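Participant: To be precise about what I am sending: the file is called upload-v6.cif and holds mmCIF, C-alpha atoms.
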```cif
data_model
#
loop_
_atom_site.label_atom_id
_atom_site.label_comp_id
_atom_site.auth_asym_id
_atom_site.auth_seq_id
_atom_site.Cartn_x
_atom_site.Cartn_y
_atom_site.Cartn_z
CA MET A 23 -11.02 42.79 34.13
CA LYS A 24 -11.75 39.06 33.79
CA THR A 25 -9.13 36.79 32.29
CA GLY A 26 -9.01 33.09 31.55
CA TYR A 27 -5.69 32.78 33.38
CA ALA A 28 -7.32 33.79 36.66
CA ASN A 29 -10.42 31.65 36.23
CA ILE A 30 -9.28 28.37 34.65
CA THR A 31 -10.18 25.19 36.49
CA LEU A 32 -8.25 21.92 36.59
CA GLU A 33 -11.01 20.24 34.58
CA GLN A 34 -10.81 22.87 31.84
CA ALA A 35 -7.02 22.48 31.69
CA ILE A 36 -7.43 18.72 31.25
CA MET A 37 -9.94 19.23 28.45
CA ILE A 38 -7.61 21.67 26.69
CA LEU A 39 -4.84 19.04 26.85
CA ILE A 40 -7.23 16.42 25.43
CA ALA A 41 -8.17 18.83 22.63
CA CYS A 42 -4.50 19.39 21.82
CA PHE A 43 -3.87 15.63 21.81
CA LEU A 44 -6.72 15.11 19.34
CA MET A 45 -5.28 17.87 17.16
CA TYR A 46 -1.93 16.06 17.28
CA LEU A 47 -3.58 12.82 16.11
CA ALA A 48 -5.37 14.67 13.32
CA ILE A 49 -2.47 16.81 12.07
CA VAL A 50 0.62 14.71 12.74
CA LYS A 51 -0.81 11.18 12.56
CA LYS A 52 -3.44 12.17 9.95
CA TYR A 53 -6.23 10.30 11.80
CA GLU A 54 -9.49 11.47 10.16
CA PRO A 55 -8.16 15.07 9.97
CA LEU A 56 -11.13 16.59 8.11
CA LEU A 57 -13.28 16.00 11.17
CA LEU A 58 -10.89 15.67 14.09
CA VAL A 59 -9.33 19.10 13.42
CA PRO A 60 -12.61 21.06 13.75
CA ILE A 61 -13.89 18.78 16.55
CA SER A 62 -10.73 19.16 18.63
CA PHE A 63 -10.59 22.92 18.04
CA GLY A 64 -14.26 23.22 18.99
CA MET A 65 -13.42 21.33 22.19
CA LEU A 66 -10.61 23.82 22.82
CA LEU A 67 -12.95 26.79 22.33
CA ALA A 68 -15.59 25.29 24.65
CA ASN A 69 -13.10 25.08 27.51
CA ILE A 70 -11.62 28.57 27.31
CA PRO A 71 -12.49 30.13 30.70
CA GLN A 72 -15.03 32.97 30.57
CA ALA A 73 -15.53 32.70 26.77
CA ASN A 74 -18.92 30.94 26.97
CA LEU A 75 -19.15 30.60 23.18
CA MET A 76 -21.91 27.98 23.46
CA ALA A 77 -24.06 30.11 25.78
CA LYS A 78 -27.42 31.20 24.37
CA GLY A 79 -26.99 34.05 21.92
CA ASN A 80 -23.25 33.64 21.51
CA PHE A 81 -21.32 32.70 18.36
CA LEU A 82 -21.22 28.90 18.49
CA TYR A 83 -24.72 28.68 19.95
CA TRP A 84 -26.24 29.81 16.65
CA ILE A 85 -24.11 27.51 14.51
CA TYR A 86 -24.94 24.61 16.85
CA GLN A 87 -28.62 24.93 15.96
CA GLY A 88 -27.83 23.07 12.73
CA VAL A 89 -26.85 20.08 14.87
CA LYS A 90 -29.70 20.47 17.33
CA LEU A 91 -32.28 20.72 14.54
CA ASN A 92 -30.68 17.83 12.63
CA ILE A 93 -29.80 19.87 9.55
CA TYR A 94 -26.09 19.09 9.27
CA PRO A 95 -25.96 15.25 9.37
CA PRO A 96 -28.35 14.75 6.39
CA LEU A 97 -26.39 17.35 4.40
CA ILE A 98 -23.17 15.48 5.18
CA PHE A 99 -24.88 12.35 3.88
CA MET A 100 -25.80 14.18 0.69
CA GLY A 101 -22.14 14.97 0.14
CA VAL A 102 -21.13 11.38 0.89
CA GLY A 103 -23.71 10.14 -1.61
CA ALA A 104 -22.35 12.47 -4.29
CA MET A 105 -18.84 11.10 -3.73
CA THR A 106 -19.80 7.42 -3.57
CA ASP A 107 -19.93 4.88 -6.38
CA PHE A 108 -22.59 2.29 -5.56
CA GLY A 109 -21.54 0.19 -8.55
CA PRO A 110 -19.83 -2.55 -6.49
CA LEU A 111 -22.98 -2.99 -4.39
CA ILE A 112 -25.22 -3.08 -7.47
CA ALA A 113 -22.91 -5.60 -9.15
CA ASN A 114 -22.98 -7.86 -6.09
CA PRO A 115 -26.23 -7.34 -4.15
CA LYS A 116 -25.30 -10.11 -1.70
CA SER A 117 -22.76 -7.74 -0.20
CA LEU A 118 -25.74 -5.89 1.29
CA LEU A 119 -25.99 -8.79 3.75
CA LEU A 120 -22.42 -8.16 4.91
CA GLY A 121 -23.26 -4.51 5.51
CA ALA A 122 -26.28 -5.59 7.54
CA ALA A 123 -24.29 -8.15 9.54
CA ALA A 124 -21.74 -5.53 10.57
CA GLN A 125 -24.49 -3.52 12.27
CA PHE A 126 -24.77 -6.26 14.90
CA GLY A 127 -22.29 -4.32 17.01
CA ILE A 128 -24.82 -1.51 17.38
CA PHE A 129 -27.39 -3.70 19.07
CA THR A 130 -24.98 -5.68 21.27
CA SER A 131 -23.54 -2.44 22.65
CA PHE A 132 -27.06 -1.11 23.10
CA LEU A 133 -27.71 -4.06 25.41
CA GLY A 134 -24.35 -3.60 27.12
CA ALA A 135 -25.05 0.09 27.78
CA GLY A 136 -28.39 -0.84 29.31
CA LEU A 137 -26.67 -3.29 31.66
CA LEU A 138 -24.23 -0.57 32.73
CA GLY A 139 -27.05 1.69 33.85
CA PHE A 140 -27.70 3.91 30.84
CA ASN A 141 -31.34 4.47 29.93
CA PHE A 142 -32.76 3.33 26.59
CA LYS A 143 -32.16 6.64 24.80
CA GLU A 144 -28.59 6.89 26.05
CA ALA A 145 -27.92 3.22 25.23
CA ALA A 146 -29.19 3.71 21.67
CA SER A 147 -26.92 6.73 21.22
CA ILE A 148 -23.91 4.80 22.49
CA GLY A 149 -24.68 1.69 20.45
CA ILE A 150 -24.78 3.61 17.17
CA ILE A 151 -21.02 4.22 17.55
CA GLY A 152 -20.66 0.64 16.33
CA GLY A 153 -21.83 1.69 12.89
CA ALA A 154 -18.58 3.67 12.51
CA ASP A 155 -20.52 6.54 10.97
CA GLY A 156 -19.99 9.91 12.66
CA PRO A 157 -22.89 11.85 11.08
CA THR A 158 -25.32 9.03 11.92
CA ALA A 159 -24.10 8.98 15.52
CA ILE A 160 -24.57 12.75 15.76
CA PHE A 161 -27.99 12.56 14.08
CA LEU A 162 -29.30 10.02 16.59
CA THR A 163 -27.59 11.33 19.72
CA SER A 164 -28.69 14.93 19.16
CA GLN A 165 -32.29 13.72 19.29
CA LEU A 166 -32.13 11.04 21.97
CA ALA A 167 -29.34 12.08 24.35
CA PRO A 168 -27.87 15.51 23.48
CA HIS A 169 -25.97 15.63 26.79
CA LEU A 170 -23.83 12.74 25.50
CA LEU A 171 -23.13 14.31 22.12
CA GLY A 172 -19.53 15.34 22.78
CA ALA A 173 -18.46 11.94 24.12
CA VAL A 174 -20.31 9.99 21.44
CA ALA A 175 -18.93 12.15 18.61
CA VAL A 176 -15.34 11.95 19.86
CA ALA A 177 -15.66 8.16 20.26
CA ALA A 178 -17.27 7.67 16.84
CA TYR A 179 -14.73 9.74 14.92
CA SER A 180 -11.77 8.45 16.92
CA TYR A 181 -12.64 4.84 16.16
CA MET A 182 -13.27 5.70 12.50
CA ALA A 183 -9.77 7.14 12.42
CA LEU A 184 -8.33 4.05 14.12
CA VAL A 185 -9.85 1.56 11.66
CA PRO A 186 -6.39 0.54 10.32
CA ILE A 187 -5.28 -0.28 13.87
CA ILE A 188 -8.43 -1.86 15.36
CA GLN A 189 -9.66 -4.03 12.50
CA PRO A 190 -6.65 -6.09 11.24
CA PRO A 191 -6.06 -8.09 14.47
CA ILE A 192 -9.76 -9.02 14.58
CA MET A 193 -9.75 -9.97 10.90
CA ARG A 194 -6.69 -12.20 11.28
CA ALA A 195 -7.95 -13.83 14.48
CA LEU A 196 -11.23 -14.91 12.87
CA THR A 197 -9.94 -16.15 9.50
CA THR A 198 -7.49 -18.75 8.27
CA LYS A 199 -4.58 -18.02 5.95
CA LYS A 200 -6.37 -19.99 3.21
CA GLU A 201 -9.48 -17.83 3.57
CA ARG A 202 -7.48 -14.58 3.51
CA GLN A 203 -5.79 -15.67 0.27
CA VAL A 204 -9.02 -16.19 -1.70
CA THR A 205 -9.00 -14.35 -5.03
CA MET A 206 -12.46 -13.20 -6.06
CA GLU A 207 -13.80 -12.98 -9.60
CA GLN A 208 -14.01 -9.57 -11.24
CA LEU A 209 -17.33 -7.80 -10.72
CA ARG A 210 -19.67 -7.42 -13.70
CA PRO A 211 -19.96 -4.01 -15.37
CA VAL A 212 -22.85 -1.89 -14.07
CA SER A 213 -24.87 0.12 -16.56
CA LYS A 214 -25.63 3.81 -16.26
CA THR A 215 -29.34 3.04 -16.08
CA GLU A 216 -28.82 0.77 -13.06
CA LYS A 217 -26.84 3.48 -11.28
CA ILE A 218 -29.60 6.05 -11.87
CA ILE A 219 -32.43 3.76 -10.80
CA PHE A 220 -30.63 2.45 -7.71
CA PRO A 221 -30.86 5.58 -5.47
CA ILE A 222 -34.53 6.03 -6.33
CA ILE A 223 -35.43 2.43 -5.48
CA VAL A 224 -33.36 2.42 -2.26
CA THR A 225 -34.99 5.65 -1.09
CA ILE A 226 -38.47 4.23 -1.59
CA LEU A 227 -37.78 0.81 -0.05
CA ALA A 228 -35.74 2.02 2.94
CA SER A 229 -37.97 5.01 3.73
CA PHE A 230 -41.15 2.93 3.61
CA LEU A 231 -39.49 0.33 5.85
CA VAL A 232 -38.12 2.84 8.40
CA PRO A 233 -39.64 6.32 7.90
CA ASP A 234 -37.40 7.80 10.60
CA ALA A 235 -34.37 7.00 8.43
CA THR A 236 -35.72 8.99 5.47
CA ALA A 237 -33.70 12.15 6.14
CA LEU A 238 -30.38 10.28 6.12
CA VAL A 239 -31.12 7.72 3.42
CA GLY A 240 -32.96 10.23 1.23
CA CYS A 241 -30.13 12.78 1.32
CA LEU A 242 -27.54 10.06 0.73
CA MET A 243 -29.40 8.87 -2.35
CA LEU A 244 -30.17 12.38 -3.60
CA GLY A 245 -26.45 13.15 -3.57
CA ASN A 246 -25.79 9.90 -5.44
CA LEU A 247 -28.47 10.74 -8.00
CA PHE A 248 -26.74 14.11 -8.58
CA ARG A 249 -23.57 12.13 -9.30
CA GLU A 250 -25.04 9.50 -11.59
CA CYS A 251 -27.82 11.18 -13.57
CA GLY A 252 -25.38 13.21 -15.70
CA VAL A 253 -27.53 16.33 -16.08
CA VAL A 254 -26.68 18.28 -12.90
CA ASP A 255 -22.89 18.40 -12.87
CA ARG A 256 -22.87 21.76 -11.09
CA LEU A 257 -25.02 20.42 -8.26
CA SER A 258 -22.92 17.27 -8.02
CA LYS A 259 -19.64 19.20 -7.81
CA THR A 260 -21.06 21.67 -5.29
CA THR A 261 -22.37 18.84 -3.10
CA GLN A 262 -19.07 16.97 -3.26
CA ASN A 263 -16.97 20.04 -2.47
CA GLU A 264 -18.32 23.37 -1.19
CA LEU A 265 -21.43 22.06 0.58
CA ILE A 266 -19.87 19.14 2.44
CA ASN A 267 -16.78 21.18 3.34
CA ILE A 268 -18.79 24.04 4.85
CA ILE A 269 -21.09 21.71 6.76
CA THR A 270 -18.11 19.68 8.01
CA ILE A 271 -16.61 22.84 9.52
CA PHE A 272 -19.87 23.83 11.23
CA LEU A 273 -20.69 20.31 12.38
CA GLY A 274 -17.23 19.42 13.66
CA THR A 275 -16.59 22.67 15.48
CA THR A 276 -19.92 22.83 17.28
CA VAL A 277 -20.02 19.12 18.16
CA GLY A 278 -16.53 19.50 19.63
CA ALA A 279 -17.78 22.51 21.56
CA THR A 280 -20.35 20.34 23.35
CA ALA A 281 -17.42 18.57 25.05
CA SER A 282 -17.07 21.04 27.90
CA ALA A 283 -15.37 19.91 31.08
CA GLU A 284 -18.61 19.50 33.01
CA ASN A 285 -20.13 17.33 30.27
CA PHE A 286 -17.09 15.29 29.28
CA LEU A 287 -15.04 14.56 32.41
CA GLN A 288 -17.33 11.96 33.94
CA TRP A 289 -17.15 8.23 34.55
CA GLY A 290 -19.94 7.90 32.03
CA THR A 291 -17.59 9.18 29.30
CA ILE A 292 -15.12 6.37 29.99
CA LYS A 293 -17.97 3.87 29.78
CA ILE A 294 -19.05 5.39 26.46
CA LEU A 295 -15.53 5.14 25.03
CA LEU A 296 -15.23 1.49 26.10
CA LEU A 297 -18.71 0.58 24.86
CA GLY A 298 -18.02 2.35 21.57
CA LEU A 299 -14.83 0.35 21.12
CA ALA A 300 -16.73 -2.85 21.91
CA ALA A 301 -19.46 -1.92 19.43
CA PHE A 302 -16.92 -1.30 16.70
CA ALA A 303 -15.06 -4.54 17.43
CA VAL A 304 -18.25 -6.60 17.47
CA GLY A 305 -19.41 -4.98 14.22
CA THR A 306 -16.11 -5.86 12.57
CA ALA A 307 -16.21 -9.41 13.92
CA SER A 308 -19.82 -10.04 12.90
CA GLY A 309 -19.07 -8.84 9.37
CA VAL A 310 -16.06 -11.16 9.10
CA LEU A 311 -18.01 -14.12 10.52
CA PHE A 312 -20.81 -13.58 8.02
CA GLY A 313 -18.11 -13.38 5.35
CA LYS A 314 -16.88 -16.79 6.50
CA LEU A 315 -20.42 -18.13 6.11
CA MET A 316 -20.53 -16.78 2.57
CA TYR A 317 -17.11 -18.35 1.96
CA VAL A 318 -18.53 -21.76 2.90
CA LEU A 319 -21.81 -21.36 1.01
CA SER A 320 -20.01 -20.15 -2.13
CA GLY A 321 -17.60 -23.05 -2.12
CA GLY A 322 -14.63 -20.88 -1.25
CA LYS A 323 -15.26 -18.09 -3.76
CA VAL A 324 -15.79 -15.26 -1.23
CA ASN A 325 -12.88 -13.80 0.72
CA PRO A 326 -14.27 -13.28 4.26
CA LEU A 327 -12.02 -10.24 4.74
CA ILE A 328 -14.52 -8.14 2.80
CA GLY A 329 -16.99 -8.62 5.67
CA SER A 330 -14.99 -6.30 7.91
CA ALA A 331 -15.75 -3.48 5.46
CA GLY A 332 -19.43 -3.72 6.40
CA VAL A 333 -18.89 -0.97 8.96
CA SER A 334 -19.58 2.31 7.23
CA ALA A 335 -16.16 3.98 7.54
CA VAL A 336 -15.99 4.71 3.79
CA PRO A 337 -13.61 4.02 2.10
CA MET A 338 -11.08 3.33 4.87
CA ALA A 339 -12.57 -0.01 5.96
CA ALA A 340 -12.52 -1.29 2.36
CA ARG A 341 -8.87 -0.24 2.04
CA VAL A 342 -8.01 -2.12 5.22
CA SER A 343 -9.57 -5.27 3.74
CA GLN A 344 -7.41 -4.77 0.67
CA VAL A 345 -4.23 -4.23 2.69
CA VAL A 346 -4.72 -7.36 4.81
CA ALA A 347 -5.51 -9.46 1.72
CA GLN A 348 -2.38 -8.26 -0.07
CA GLU A 349 -0.23 -9.00 2.96
CA GLU A 350 -1.32 -12.62 2.67
CA LYS A 351 -1.16 -12.80 -1.11
CA PRO A 352 0.60 -10.00 -3.01
CA GLY A 353 -1.37 -8.93 -6.06
CA ASN A 354 -4.72 -10.06 -4.66
CA PHE A 355 -7.11 -7.20 -5.45
CA ILE A 356 -10.35 -7.31 -3.42
CA LEU A 357 -10.88 -3.56 -2.96
CA MET A 358 -13.90 -3.27 -5.26
CA HIS A 359 -15.47 -6.34 -3.66
CA ALA A 360 -14.96 -4.74 -0.23
CA MET A 361 -16.53 -1.47 -1.40
CA GLY A 362 -19.88 -3.28 -1.79
CA PRO A 363 -20.25 -4.09 1.94
CA ASN A 364 -18.66 -0.73 2.79
CA VAL A 365 -21.29 1.39 1.06
CA ALA A 366 -23.97 -1.07 2.22
CA GLY A 367 -22.80 -0.30 5.75
CA VAL A 368 -23.60 3.39 5.25
CA ILE A 369 -27.17 2.47 4.31
CA GLY A 370 -27.34 -0.08 7.12
CA SER A 371 -26.21 2.33 9.84
CA ALA A 372 -28.75 4.93 8.68
CA ILE A 373 -31.55 2.35 8.81
CA ALA A 374 -30.38 1.16 12.24
CA ALA A 375 -30.44 4.77 13.50
CA GLY A 376 -33.95 5.19 12.09
CA MET A 377 -35.11 2.04 13.86
CA LEU A 378 -33.70 3.20 17.19
CA LEU A 379 -35.19 6.67 16.71
CA SER A 380 -38.62 5.22 15.96
CA MET A 381 -38.43 3.05 19.09
CA TYR A 382 -37.12 5.61 21.57
CA GLY A 383 -37.60 9.02 19.98
CA GLY A 384 -41.07 9.62 21.36
#
```
Go through the file and emit its structure as structure tokens.

Facilitator:
Amino acid sequence: MKTGYANITLEQAIMILIACFLMYLAIVKKYEPLLLVPISFGMLLANIPQANLMAKGNFLYWIYQGVKLNIYPPLIFMGVGAMTDFGPLIANPKSLLLGAAAQFGIFTSFLGAGLLGFNFKEAASIGIIGGADGPTAIFLTSQLAPHLLGAVAVAAYSYMALVPIIQPPIMRALTTKKERQVTMEQLRPVSKTEKIIFPIIVTILASFLVPDATALVGCLMLGNLFRECGVVDRLSKTTQNELINIITIFLGTTVGATASAENFLQWGTIKILLLGLAAFAVGTASGVLFGKLMYVLSGGKVNPLIGSAGVSAVPMAARVSQVVAQEEKPGNFILMHAMGPNVAGVIGSAIAAGMLLSMYGG
């Protein structure tokens, strides 16, 4: 009779402790629980001695095919699109530039990973962590460097969960009190027609520009069209609820299950975690610095704090911008202004992933 008690290794025990720690962060600290709970439990399952749930033909192996074949990330994007209001971005198209600026962290960490000895495909997979978009990171890594999937996914979702801790010090360090106190004018109303046309136009423009981003951008915009067109309420509600919830369970559990002891407990994992943190920090900083440029060019009408929301952790990054602004000036409401760069960051990270895939996916 084989038992896990008799066959457990030290490495597996360490991974089980890490999985339990991540569950603690998700359940007790409420850090990105919808994804960290299934990811951490998948990590636990992958390190049960003798279970071999990810072995060919076993339970998690079949569910994992949705990750391997890149089915789950676009479906997650469809759900995100159905839950997202692009009105703030449509009302202030210039915020698209802030979303683009925040993607700078992806490419700086790509270069840093190359200098640390990772090959181009691995460096691209690590760099995408800077977009603060878990499904995008999984989408790219599963195609370019599947052996890094567990480490990249844990890093991406952990830093998304730690947005309220990581971003504020960077935001305060790069801005003055006067800049943080700027009150922005109310956004113009956006018509229903604009909201319906927007996802169609973005799909065409972005997909023609970067065809490899079509799956992510197209599904994001299809979900948004379900939301805005007003004639498919059943599809919109299903996409926002049942579909994204089911896919989140499958995606999180199987991605966590790729973090077996032999894949995760390596020096390369520590490098990935550090590079991912650097990517996220640089993305936040570049968004804030571009916000400062817009502050100057607008004659002091743009609060540079909204630039930090250019990373695509929706809507947490926009809420952090709001919190920091209100700490400096109670009653200052910049949340809707921050949502523009925030949703632009989702589009930007998908396009960045498509560019990297087109360059190194062959």

Participant: What does the distance between CA of Ala366 in chain A and CA of Val333 in chain A come to in Å, to one decimal place?

Facilitator: 8.4 Å

Participant: Kindly extract all protein, DNA and RNA residues lying within 7 Å of the coordinates (-16.9, 10.4, 26.6) given in the file, considering all atoms listed in the file, and supply them as a count of residues only.

Facilitator: 10

Participant: Give the answer as one residue: which of A:Pro352, A:Pro326, A:Gly109, A:Gly362 has the shortest atom-to-atom distance to Gly309 in chain A, using all atoms listed in the file?

Facilitator: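 Nearest candidate to Gly309 in chain A out of A:Pro352, A:Pro326, A:Gly109, A:Gly362: A:Pro326.
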
Participant: Rank A:Gly79, A:Gly245, A:Gly370, A:Pro60 by their smallest atom-to-atom distance to Ala48 in chain A, using only C-alpha atoms, and report the top residue only.

Facilitator: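 Of A:Gly79, A:Gly245, A:Gly370, A:Pro60, the one nearest Ala48 in chain A is A:Pro60, counting only C-alpha atoms.
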
Participant: Of the candidates A:Ala73, A:Gln344, A:Tyr27, A:Val304, which shows the shortest atom-to-atom distance to Gly134 in chain A, using only C-alpha atoms?

Facilitator: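 Under the stated criterion, the closest residue is A:Val304.
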
Participant: Taking the file as shown, find all residues satisfying the PyMOL selection byres ((chain A and resi 143-148) around 7) and write them as a count of residues only.

Facilitator: 19

Participant: With distances taken over all atoms listed in the file, which of A:Ala375, A:Cys241, A:Ala124, A:Met206 is nearest to Ile356 in chain A?

Facilitator: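 Ranked by minimum distance to Ile356 in chain A, first place goes to A:Met206.
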
Participant: To one decimal place, how far is CA of Leu315 in chain A from CA of Glu201 in chain A in Å?

Facilitator: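 Atom-to-atom, CA of Leu315 in chain A and CA of Glu201 in chain A are spaced 11.2 Å apart.
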
Participant: Which one is closest to Val324 in chain A: A:Thr25, A:Ser180, A:Gln203, A:Gln72? Count all atoms listed in the file.

Facilitator: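 Among the listed residues, A:Gln203 lies closest to Val324 in chain A.
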
Participant: Provide range 124-137 of chain A rebuilt to N, CA and C atoms, formatted as a PDB file, keeping the file's coordinate frame.

Facilitator:
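Okay, rebuild04.pdb is ready:
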```pdb
ATOM      1  N   ALA A 124     -22.673  -6.365   9.813  1.00  0.00           N
ATOM      2  CA  ALA A 124     -21.740  -5.530  10.570  1.00  0.00           C
ATOM      3  C   ALA A 124     -22.446  -4.566  11.515  1.00  0.00           C
ATOM      4  N   GLN A 125     -23.755  -4.403  11.363  1.00  0.00           N
ATOM      5  CA  GLN A 125     -24.490  -3.520  12.270  1.00  0.00           C
ATOM      6  C   GLN A 125     -24.835  -4.225  13.584  1.00  0.00           C
ATOM      7  N   PHE A 126     -24.483  -5.499  13.692  1.00  0.00           N
ATOM      8  CA  PHE A 126     -24.770  -6.260  14.900  1.00  0.00           C
ATOM      9  C   PHE A 126     -24.124  -5.622  16.121  1.00  0.00           C
ATOM     10  N   GLY A 127     -22.968  -4.980  15.904  1.00  0.00           N
ATOM     11  CA  GLY A 127     -22.290  -4.320  17.010  1.00  0.00           C
ATOM     12  C   GLY A 127     -23.121  -3.229  17.653  1.00  0.00           C
ATOM     13  N   ILE A 128     -23.956  -2.574  16.857  1.00  0.00           N
ATOM     14  CA  ILE A 128     -24.820  -1.510  17.380  1.00  0.00           C
ATOM     15  C   ILE A 128     -25.743  -2.058  18.459  1.00  0.00           C
ATOM     16  N   PHE A 129     -26.354  -3.182  18.171  1.00  0.00           N
ATOM     17  CA  PHE A 129     -27.390  -3.700  19.070  1.00  0.00           C
ATOM     18  C   PHE A 129     -26.792  -4.440  20.267  1.00  0.00           C
ATOM     19  N   THR A 130     -25.620  -5.059  20.111  1.00  0.00           N
ATOM     20  CA  THR A 130     -24.980  -5.680  21.270  1.00  0.00           C
ATOM     21  C   THR A 130     -24.512  -4.615  22.258  1.00  0.00           C
ATOM     22  N   SER A 131     -23.972  -3.512  21.751  1.00  0.00           N
ATOM     23  CA  SER A 131     -23.540  -2.440  22.650  1.00  0.00           C
ATOM     24  C   SER A 131     -24.722  -1.700  23.257  1.00  0.00           C
ATOM     25  N   PHE A 132     -25.824  -1.664  22.536  1.00  0.00           N
ATOM     26  CA  PHE A 132     -27.060  -1.110  23.100  1.00  0.00           C
ATOM     27  C   PHE A 132     -27.441  -1.897  24.345  1.00  0.00           C
ATOM     28  N   LEU A 133     -27.384  -3.217  24.259  1.00  0.00           N
ATOM     29  CA  LEU A 133     -27.710  -4.060  25.410  1.00  0.00           C
ATOM     30  C   LEU A 133     -26.676  -3.869  26.518  1.00  0.00           C
ATOM     31  N   GLY A 134     -25.393  -3.800  26.127  1.00  0.00           N
ATOM     32  CA  GLY A 134     -24.350  -3.600  27.120  1.00  0.00           C
ATOM     33  C   GLY A 134     -24.491  -2.287  27.863  1.00  0.00           C
ATOM     34  N   ALA A 135     -24.851  -1.224  27.139  1.00  0.00           N
ATOM     35  CA  ALA A 135     -25.050   0.090  27.780  1.00  0.00           C
ATOM     36  C   ALA A 135     -26.201   0.040  28.757  1.00  0.00           C
ATOM     37  N   GLY A 136     -27.252  -0.696  28.401  1.00  0.00           N
ATOM     38  CA  GLY A 136     -28.390  -0.840  29.310  1.00  0.00           C
ATOM     39  C   GLY A 136     -27.982  -1.545  30.601  1.00  0.00           C
ATOM     40  N   LEU A 137     -27.126  -2.559  30.480  1.00  0.00           N
ATOM     41  CA  LEU A 137     -26.670  -3.290  31.660  1.00  0.00           C
ATOM     42  C   LEU A 137     -25.767  -2.445  32.554  1.00  0.00           C
TER      43      LEU A 137
END
```
